[in-house]
Amino acid sequence: MEIKNKVIFVTGGAGFIGSHLVDRFIQEGAEKVLVYDNFSSGSLGNLEQAKESGKVEVIEGDILDYKKLEKSMSGADLVSHHAAELEVFTGIKNIPHDMKVNIEGTVNVINACLENEVKKLIYASSGGVYGQAKYLPEDEEHALLPHWPYGVSKLAGEKYCTMITQLHGFPTVSLRYSIVYGPREWYGRVLTMFIKRVSEGKPPVIFGSGEQRRDFVYVNDVIEANVLAIKNNSVNGDYFNVSSGKATSVKELAELVLKAFNSDLKPVYDDPPEGEASPYQPERKRLVGELIDFVLDTKKPRDKLGYEPKTGLEEGIKKEIEWYLKNRQAWEREPRV
Ligand SMILES: NC(=O)c1ccc[n+]([C@@H]2O[C@H](COP(=O)([O-])OP(=O)(O)OC[C@H]3O[C@@H](n4cnc5c(N)ncnc54)[C@H](O)[C@@H]3O)[C@@H](O)[C@H]2O)c1
């Protein structure tokens, strides 16, 4: 479906990825963008640019408040569902909470779409649905063995979307993001830790050997994938990886950040047990059940959506740093893990 002149409802629209989507929907000529967010992690600051258009309406609400959600969605043509509980540790410590927000919340969004006769739903899924990689790059046929509650709940949300397309013919598309980065990224993941520390003259701290490989996808490429999925009417009920498809080791990532700052600091290596912090970086604990390698294949979205990731990591990191240096307050909070 087209975006021009449409009313678009974005859950989690005040967050990192959601707010970039809102910007893009305005650029694409949407009639109105309704942002539905409980502000647990999102901020109005992320929407400053979009609000200047006069086409953005912000509704403070929770996806678990079904009545409000259904009422607020009235008149929407398209729903982009980005609200979620993303914190892996929170999910591990409190599985019922993770399950409620990501599964019940998603089911609420689907029901509200059906009640409001919405024409299409895009669901922000995650590469976390795969668990530990059995081979690289992980394609969409890779085993679905999530090893965190977060991956289980995101997978359940995705299964509800594909199932509802089969059952009711209601168009949904699920997009499995790898590690999304760029301006407005929230503080807590490895790239943000490196950027903040190096900007303060402290060395990046690498857990383990630094050989772990990751797939960093620039936020504008993710937004492009969303737009392609919205506009393509032949992929309903389908699911796609959205990634760079490129493997970057954590060590290489640290080197890129140091290069961007023109810094001659040397990374510090430490091997704290899972769930514990390093004395060199007490602010952030090491994840439990860390992924060894995580690289998602891009063949299916290239073939079926015409997706082509455009921003290289070196360039993207520079853009994130540029944004961070103007918005240091955004990362003053405790890191999210
Ligand atoms: N950032 C990534 O690398 C990444 C990777 C894979 C998948 N995803 C998915 O993309 C989506 C957006 O992620 P993000 O990185 O922009 O995170 P984010 O935390 O910046 O955005 C999530 C937004 O949802 C809001 N929210 C949370 N719980 C809510 C609730 N119960 N009701 C209403 N609003 C609620 C938050 O306030 C926030 O604005 C999520 O669904 C996430 O699972 C993100």
# chains A, B, ... in the order shown; residues from 1 in each chain; ligands from 1
>>> select_by_dssp(residues="segment 42-176 of chain A", states="alpha helix (DSSP H)", output="PyMOL selection string")
chain A and resi 48-51+66-72+88-93+95-99+105-115+149-168
>>> residues_near_ligand(ligand="ligand 1", cutoff="9 Å", atoms="only C-alpha atoms and all ligand atoms", output="PyMOL selection string")
chain A and resi 11-20+36-43+60-65+81-87+100-102+105+123-128+150-151+154+175-181+184-186+189+216-217+219+242
>>> closest_residue(among="A:Phe170, A:Tyr130, A:Phe9, A:Tyr239", to="Trp148 of chain A", atoms="only C-alpha atoms")
A:Tyr130
>>> residues_around(residues="Glu332 of chain A", least_positions_apart="5", cutoff="10 Å", atoms="only C-alpha atoms", output="list in words")
Tyr187, Lys196 and Asn327 of chain A
>>> select_by_dssp(residues="segment 47-264 of chain A", states="strand (DSSP E)", output="mmCIF file with N, CA and C atoms, in the first residue's frame")
data_model
loop_
_atom_site.group_PDB
_atom_site.id
_atom_site.type_symbol
_atom_site.label_atom_id
_atom_site.label_comp_id
_atom_site.auth_asym_id
_atom_site.auth_seq_id
_atom_site.Cartn_x
_atom_site.Cartn_y
_atom_site.Cartn_z
ATOM 1 N N VAL A 56 1.821 15.210 13.332
ATOM 2 C CA VAL A 56 2.058 14.144 14.307
ATOM 3 C C VAL A 56 1.192 14.368 15.539
ATOM 4 N N GLU A 57 0.494 13.324 15.942
ATOM 5 C CA GLU A 57 -0.272 13.398 17.189
ATOM 6 C C GLU A 57 0.306 12.362 18.145
ATOM 7 N N VAL A 58 0.641 12.813 19.353
ATOM 8 C CA VAL A 58 1.236 11.886 20.314
ATOM 9 C C VAL A 58 0.186 11.468 21.333
ATOM 10 N N ILE A 59 0.031 10.164 21.484
ATOM 11 C CA ILE A 59 -0.912 9.642 22.473
ATOM 12 C C ILE A 59 -0.116 8.860 23.506
ATOM 13 N N GLU A 60 -0.193 9.285 24.753
ATOM 14 C CA GLU A 60 0.510 8.538 25.786
ATOM 15 C C GLU A 60 -0.380 7.364 26.185
ATOM 16 N N LEU A 78 -2.746 2.133 8.375
ATOM 17 C CA LEU A 78 -1.583 1.246 8.529
ATOM 18 C C LEU A 78 -1.111 1.305 9.971
ATOM 19 N N VAL A 79 -0.694 0.156 10.510
ATOM 20 C CA VAL A 79 -0.114 0.144 11.863
ATOM 21 C C VAL A 79 1.307 -0.403 11.784
ATOM 22 N N SER A 80 2.214 0.309 12.433
ATOM 23 C CA SER A 80 3.599 -0.138 12.542
ATOM 24 C C SER A 80 3.832 -0.419 14.022
ATOM 25 N N HIS A 81 4.066 -1.691 14.347
ATOM 26 C CA HIS A 81 4.134 -2.064 15.769
ATOM 27 C C HIS A 81 5.590 -2.185 16.227
ATOM 28 N N LYS A 120 -3.115 -2.803 6.954
ATOM 29 C CA LYS A 120 -1.855 -3.567 6.982
ATOM 30 C C LYS A 120 -1.134 -3.329 8.311
ATOM 31 N N LEU A 121 -0.390 -4.338 8.740
ATOM 32 C CA LEU A 121 0.393 -4.239 9.979
ATOM 33 C C LEU A 121 1.839 -4.657 9.715
ATOM 34 N N ILE A 122 2.767 -3.808 10.133
ATOM 35 C CA ILE A 122 4.180 -4.187 10.078
ATOM 36 C C ILE A 122 4.626 -4.474 11.508
ATOM 37 N N TYR A 123 5.233 -5.625 11.701
ATOM 38 C CA TYR A 123 5.651 -6.051 13.036
ATOM 39 C C TYR A 123 7.181 -6.043 13.140
ATOM 40 N N ALA A 124 7.695 -5.317 14.130
ATOM 41 C CA ALA A 124 9.144 -5.292 14.363
ATOM 42 C C ALA A 124 9.531 -6.552 15.113
ATOM 43 N N SER A 125 10.056 -7.535 14.385
ATOM 44 C CA SER A 125 10.528 -8.762 15.021
ATOM 45 C C SER A 125 12.026 -8.603 15.303
ATOM 46 N N SER A 126 12.693 -9.695 15.540
ATOM 47 C CA SER A 126 14.101 -9.584 15.934
ATOM 48 C C SER A 126 14.880 -10.810 15.487
ATOM 49 N N THR A 172 0.004 -8.762 7.076
ATOM 50 C CA THR A 172 1.047 -8.421 8.054
ATOM 51 C C THR A 172 2.395 -8.745 7.416
ATOM 52 N N VAL A 173 3.421 -8.029 7.826
ATOM 53 C CA VAL A 173 4.791 -8.392 7.429
ATOM 54 C C VAL A 173 5.657 -8.254 8.678
ATOM 55 N N SER A 174 6.474 -9.264 8.939
ATOM 56 C CA SER A 174 7.375 -9.232 10.098
ATOM 57 C C SER A 174 8.802 -9.007 9.623
ATOM 58 N N LEU A 175 9.499 -8.114 10.326
ATOM 59 C CA LEU A 175 10.872 -7.775 9.946
ATOM 60 C C LEU A 175 11.803 -8.108 11.112
ATOM 61 N N ARG A 176 12.721 -9.033 10.855
ATOM 62 C CA ARG A 176 13.640 -9.488 11.914
ATOM 63 C C ARG A 176 14.924 -8.664 11.860
ATOM 64 N N TYR A 177 14.992 -7.659 12.720
ATOM 65 C CA TYR A 177 16.161 -6.775 12.701
ATOM 66 C C TYR A 177 17.366 -7.440 13.359
ATOM 67 N N ILE A 179 21.249 -5.869 14.707
ATOM 68 C CA ILE A 179 21.512 -4.830 15.725
ATOM 69 C C ILE A 179 21.409 -3.480 15.029
ATOM 70 N N VAL A 180 20.378 -2.745 15.368
ATOM 71 C CA VAL A 180 20.129 -1.466 14.696
ATOM 72 C C VAL A 180 20.903 -0.379 15.448
ATOM 73 N N TYR A 181 21.578 0.485 14.693
ATOM 74 C CA TYR A 181 22.328 1.567 15.339
ATOM 75 C C TYR A 181 22.133 2.838 14.532
ATOM 76 N N VAL A 205 35.941 -1.132 26.515
ATOM 77 C CA VAL A 205 36.178 -2.395 27.228
ATOM 78 C C VAL A 205 35.530 -3.523 26.425
ATOM 79 N N ILE A 206 36.355 -4.490 26.057
ATOM 80 C CA ILE A 206 35.879 -5.625 25.249
ATOM 81 C C ILE A 206 35.772 -6.855 26.143
ATOM 82 N N PHE A 207 34.605 -7.491 26.110
ATOM 83 C CA PHE A 207 34.420 -8.730 26.874
ATOM 84 C C PHE A 207 34.911 -9.908 26.036
ATOM 85 N N ARG A 213 31.354 -12.096 16.379
ATOM 86 C CA ARG A 213 30.931 -11.324 15.210
ATOM 87 C C ARG A 213 29.485 -10.861 15.348
ATOM 88 N N ARG A 214 29.246 -9.643 14.911
ATOM 89 C CA ARG A 214 27.929 -9.028 15.032
ATOM 90 C C ARG A 214 27.535 -8.409 13.694
ATOM 91 N N PHE A 216 25.674 -5.112 12.358
ATOM 92 C CA PHE A 216 25.137 -3.794 12.691
ATOM 93 C C PHE A 216 24.474 -3.195 11.460
ATOM 94 N N VAL A 217 23.198 -2.851 11.588
ATOM 95 C CA VAL A 217 22.483 -2.277 10.450
ATOM 96 C C VAL A 217 22.085 -0.841 10.797
ATOM 97 N N TYR A 218 22.381 0.056 9.870
ATOM 98 C CA TYR A 218 22.107 1.475 10.113
ATOM 99 C C TYR A 218 20.599 1.726 10.083
ATOM 100 N N ASP A 238 4.492 -12.690 5.286
ATOM 101 C CA ASP A 238 5.881 -13.142 5.180
ATOM 102 C C ASP A 238 6.755 -12.498 6.274
ATOM 103 N N TYR A 239 7.994 -12.977 6.386
ATOM 104 C CA TYR A 239 8.946 -12.462 7.381
ATOM 105 C C TYR A 239 10.315 -12.368 6.722
ATOM 106 N N PHE A 240 11.066 -11.346 7.114
ATOM 107 C CA PHE A 240 12.351 -11.065 6.467
ATOM 108 C C PHE A 240 13.396 -10.648 7.493
ATOM 109 N N ASN A 241 14.622 -11.052 7.258
ATOM 110 C CA ASN A 241 15.730 -10.460 7.995
ATOM 111 C C ASN A 241 15.909 -9.032 7.516
ATOM 112 N N VAL A 242 16.301 -8.153 8.427
ATOM 113 C CA VAL A 242 16.685 -6.794 8.033
ATOM 114 C C VAL A 242 18.020 -6.523 8.720
ATOM 115 N N THR A 248 30.986 -8.130 11.651
ATOM 116 C CA THR A 248 31.994 -7.224 12.218
ATOM 117 C C THR A 248 32.331 -7.761 13.601
ATOM 118 N N SER A 249 33.607 -7.975 13.871
ATOM 119 C CA SER A 249 33.938 -8.449 15.217
ATOM 120 C C SER A 249 33.867 -7.261 16.180
#
>>> residues_around(residues="segment 259-271 of chain A", least_positions_apart="2", cutoff="9 Å", atoms="only C-alpha atoms", output="PDB file with N, CA and C atoms, in the first residue's frame")
ATOM      1  N   ILE A 195      31.260   4.339  22.211  1.00  0.00           N
ATOM      2  CA  ILE A 195      31.226   5.753  21.807  1.00  0.00           C
ATOM      3  C   ILE A 195      31.299   6.648  23.052  1.00  0.00           C
ATOM      4  N   VAL A 198      34.856   6.439  24.754  1.00  0.00           N
ATOM      5  CA  VAL A 198      35.947   7.073  24.000  1.00  0.00           C
ATOM      6  C   VAL A 198      35.747   8.596  23.986  1.00  0.00           C
ATOM      7  N   SER A 199      34.490   9.044  23.920  1.00  0.00           N
ATOM      8  CA  SER A 199      34.237  10.494  23.924  1.00  0.00           C
ATOM      9  C   SER A 199      34.669  11.114  25.256  1.00  0.00           C
ATOM     10  N   GLY A 201      37.351  10.026  26.844  1.00  0.00           N
ATOM     11  CA  GLY A 201      38.786   9.754  26.971  1.00  0.00           C
ATOM     12  C   GLY A 201      39.084   8.436  27.677  1.00  0.00           C
ATOM     13  N   LYS A 202      38.068   7.528  27.751  1.00  0.00           N
ATOM     14  CA  LYS A 202      38.280   6.218  28.386  1.00  0.00           C
ATOM     15  C   LYS A 202      38.347   5.138  27.306  1.00  0.00           C
ATOM     16  N   PRO A 203      39.156   4.093  27.534  1.00  0.00           N
ATOM     17  CA  PRO A 203      39.267   3.057  26.495  1.00  0.00           C
ATOM     18  C   PRO A 203      38.005   2.195  26.402  1.00  0.00           C
ATOM     19  N   PRO A 204      37.699   1.690  25.206  1.00  0.00           N
ATOM     20  CA  PRO A 204      36.582   0.744  25.106  1.00  0.00           C
ATOM     21  C   PRO A 204      36.937  -0.541  25.856  1.00  0.00           C
ATOM     22  N   VAL A 205      35.941  -1.132  26.515  1.00  0.00           N
ATOM     23  CA  VAL A 205      36.178  -2.395  27.228  1.00  0.00           C
ATOM     24  C   VAL A 205      35.530  -3.523  26.425  1.00  0.00           C
ATOM     25  N   ILE A 206      36.355  -4.490  26.057  1.00  0.00           N
ATOM     26  CA  ILE A 206      35.879  -5.625  25.249  1.00  0.00           C
ATOM     27  C   ILE A 206      35.772  -6.855  26.143  1.00  0.00           C
ATOM     28  N   PHE A 207      34.605  -7.491  26.110  1.00  0.00           N
ATOM     29  CA  PHE A 207      34.420  -8.730  26.874  1.00  0.00           C
ATOM     30  C   PHE A 207      34.911  -9.908  26.036  1.00  0.00           C
ATOM     31  N   GLY A 208      35.730 -10.764  26.650  1.00  0.00           N
ATOM     32  CA  GLY A 208      36.216 -11.953  25.940  1.00  0.00           C
ATOM     33  C   GLY A 208      37.292 -11.581  24.933  1.00  0.00           C
ATOM     34  N   SER A 209      37.361 -12.382  23.851  1.00  0.00           N
ATOM     35  CA  SER A 209      38.451 -12.202  22.877  1.00  0.00           C
ATOM     36  C   SER A 209      38.211 -11.039  21.928  1.00  0.00           C
ATOM     37  N   GLY A 210      36.963 -10.605  21.819  1.00  0.00           N
ATOM     38  CA  GLY A 210      36.635  -9.563  20.845  1.00  0.00           C
ATOM     39  C   GLY A 210      36.418 -10.124  19.451  1.00  0.00           C
ATOM     40  N   LYS A 251      36.001  -6.464  18.278  1.00  0.00           N
ATOM     41  CA  LYS A 251      37.330  -5.841  18.223  1.00  0.00           C
ATOM     42  C   LYS A 251      37.392  -4.808  17.082  1.00  0.00           C
ATOM     43  N   ALA A 254      35.435  -1.719  17.959  1.00  0.00           N
ATOM     44  CA  ALA A 254      36.185  -0.818  18.850  1.00  0.00           C
ATOM     45  C   ALA A 254      37.189   0.003  18.031  1.00  0.00           C
ATOM     46  N   GLU A 255      37.851  -0.658  17.085  1.00  0.00           N
ATOM     47  CA  GLU A 255      38.835   0.054  16.255  1.00  0.00           C
ATOM     48  C   GLU A 255      38.170   1.153  15.429  1.00  0.00           C
ATOM     49  N   LEU A 256      36.982   0.863  14.912  1.00  0.00           N
ATOM     50  CA  LEU A 256      36.270   1.875  14.106  1.00  0.00           C
ATOM     51  C   LEU A 256      35.885   3.083  14.954  1.00  0.00           C
ATOM     52  N   VAL A 257      35.465   2.823  16.188  1.00  0.00           N
ATOM     53  CA  VAL A 257      35.080   3.945  17.065  1.00  0.00           C
ATOM     54  C   VAL A 257      36.328   4.769  17.399  1.00  0.00           C
ATOM     55  N   PRO A 273      32.470 -12.884  34.388  1.00  0.00           N
ATOM     56  CA  PRO A 273      31.457 -13.932  34.218  1.00  0.00           C
ATOM     57  C   PRO A 273      30.159 -13.318  33.714  1.00  0.00           C
ATOM     58  N   GLU A 274      29.366 -14.139  33.042  1.00  0.00           N
ATOM     59  CA  GLU A 274      28.071 -13.652  32.546  1.00  0.00           C
ATOM     60  C   GLU A 274      27.257 -13.099  33.708  1.00  0.00           C
ATOM     61  N   SER A 278      32.589  -5.640  34.552  1.00  0.00           N
ATOM     62  CA  SER A 278      34.045  -5.622  34.641  1.00  0.00           C
ATOM     63  C   SER A 278      34.436  -4.449  35.531  1.00  0.00           C
ATOM     64  N   PRO A 279      35.490  -4.597  36.347  1.00  0.00           N
ATOM     65  CA  PRO A 279      35.925  -3.437  37.153  1.00  0.00           C
ATOM     66  C   PRO A 279      36.334  -2.254  36.262  1.00  0.00           C
ATOM     67  N   TYR A 280      36.688  -2.530  35.011  1.00  0.00           N
ATOM     68  CA  TYR A 280      37.062  -1.444  34.095  1.00  0.00           C
ATOM     69  C   TYR A 280      35.836  -0.697  33.570  1.00  0.00           C
ATOM     70  N   ARG A 286      27.822  -7.947  31.825  1.00  0.00           N
ATOM     71  CA  ARG A 286      27.908  -8.804  30.635  1.00  0.00           C
ATOM     72  C   ARG A 286      26.587  -9.578  30.508  1.00  0.00           C
ATOM     73  N   GLU A 314      31.430   2.376   8.975  1.00  0.00           N
ATOM     74  CA  GLU A 314      32.305   3.503   9.309  1.00  0.00           C
ATOM     75  C   GLU A 314      31.519   4.826   9.215  1.00  0.00           C
ATOM     76  N   ILE A 317      28.724   4.990  11.977  1.00  0.00           N
ATOM     77  CA  ILE A 317      29.261   5.289  13.316  1.00  0.00           C
ATOM     78  C   ILE A 317      29.530   6.791  13.431  1.00  0.00           C
ATOM     79  N   LYS A 318      30.073   7.377  12.374  1.00  0.00           N
ATOM     80  CA  LYS A 318      30.341   8.829  12.398  1.00  0.00           C
ATOM     81  C   LYS A 318      29.047   9.601  12.625  1.00  0.00           C
ATOM     82  N   ILE A 321      27.949   9.259  16.208  1.00  0.00           N
ATOM     83  CA  ILE A 321      28.798  10.072  17.093  1.00  0.00           C
ATOM     84  C   ILE A 321      28.399  11.546  16.982  1.00  0.00           C
TER      85      ILE A 321
END
>>> closest_residue(among="A:Lys68, A:Lys326, A:Lys319, A:Lys231", to="Lys4 of chain A", atoms="only C-alpha atoms")
A:Lys231
>>> closest_residue(among="A:Gly157, A:Gly54, A:Gly245, A:Pro149", to="Asn94 of chain A", atoms="only C-alpha atoms")
A:Pro149
>>> atom_distance(atom1="atom CA of Thr165 of chain A", atom2="atom CA of Val235 of chain A")
10.7 Å
>>> decode(residues="segment 278-312 of chain A", atoms="C-alpha atoms", output="compact mmCIF listing (two decimals), in the first residue's frame")
# COMPACT_ATOMS: atom_id res chain seq x y z
CA SER A 278 34.04 -5.62 34.64
CA PRO A 279 35.93 -3.44 37.15
CA TYR A 280 37.06 -1.44 34.09
CA GLN A 281 33.45 -0.71 33.19
CA PRO A 282 31.27 -1.15 36.28
CA GLU A 283 28.25 0.49 34.66
CA ARG A 284 27.34 -2.42 32.39
CA LYS A 285 26.98 -6.11 33.12
CA ARG A 286 27.91 -8.80 30.64
CA LEU A 287 24.85 -10.43 29.08
CA VAL A 288 23.78 -13.88 30.15
CA GLY A 289 23.83 -16.38 27.28
CA GLU A 290 25.72 -13.97 25.04
CA LEU A 291 25.51 -14.74 21.33
CA ILE A 292 28.76 -16.11 19.97
CA ASP A 293 28.13 -14.92 16.42
CA PHE A 294 25.14 -13.08 15.03
CA VAL A 295 25.00 -12.27 11.31
CA LEU A 296 21.78 -12.31 9.30
CA ASP A 297 21.54 -13.16 5.62
CA THR A 298 20.07 -10.51 3.30
CA LYS A 299 19.21 -12.64 0.26
CA LYS A 300 15.47 -12.99 0.87
CA PRO A 301 14.75 -9.27 1.45
CA ARG A 302 16.99 -8.38 -1.51
CA ASP A 303 15.16 -10.80 -3.81
CA LYS A 304 11.61 -10.18 -2.63
CA LEU A 305 11.64 -6.57 -1.41
CA GLY A 306 14.50 -5.05 -3.38
CA TYR A 307 16.21 -4.24 -0.06
CA GLU A 308 19.75 -2.92 -0.36
CA PRO A 309 21.55 -1.76 2.80
CA LYS A 310 23.35 1.45 1.87
CA THR A 311 25.17 2.87 4.88
CA GLY A 312 28.54 1.34 5.71
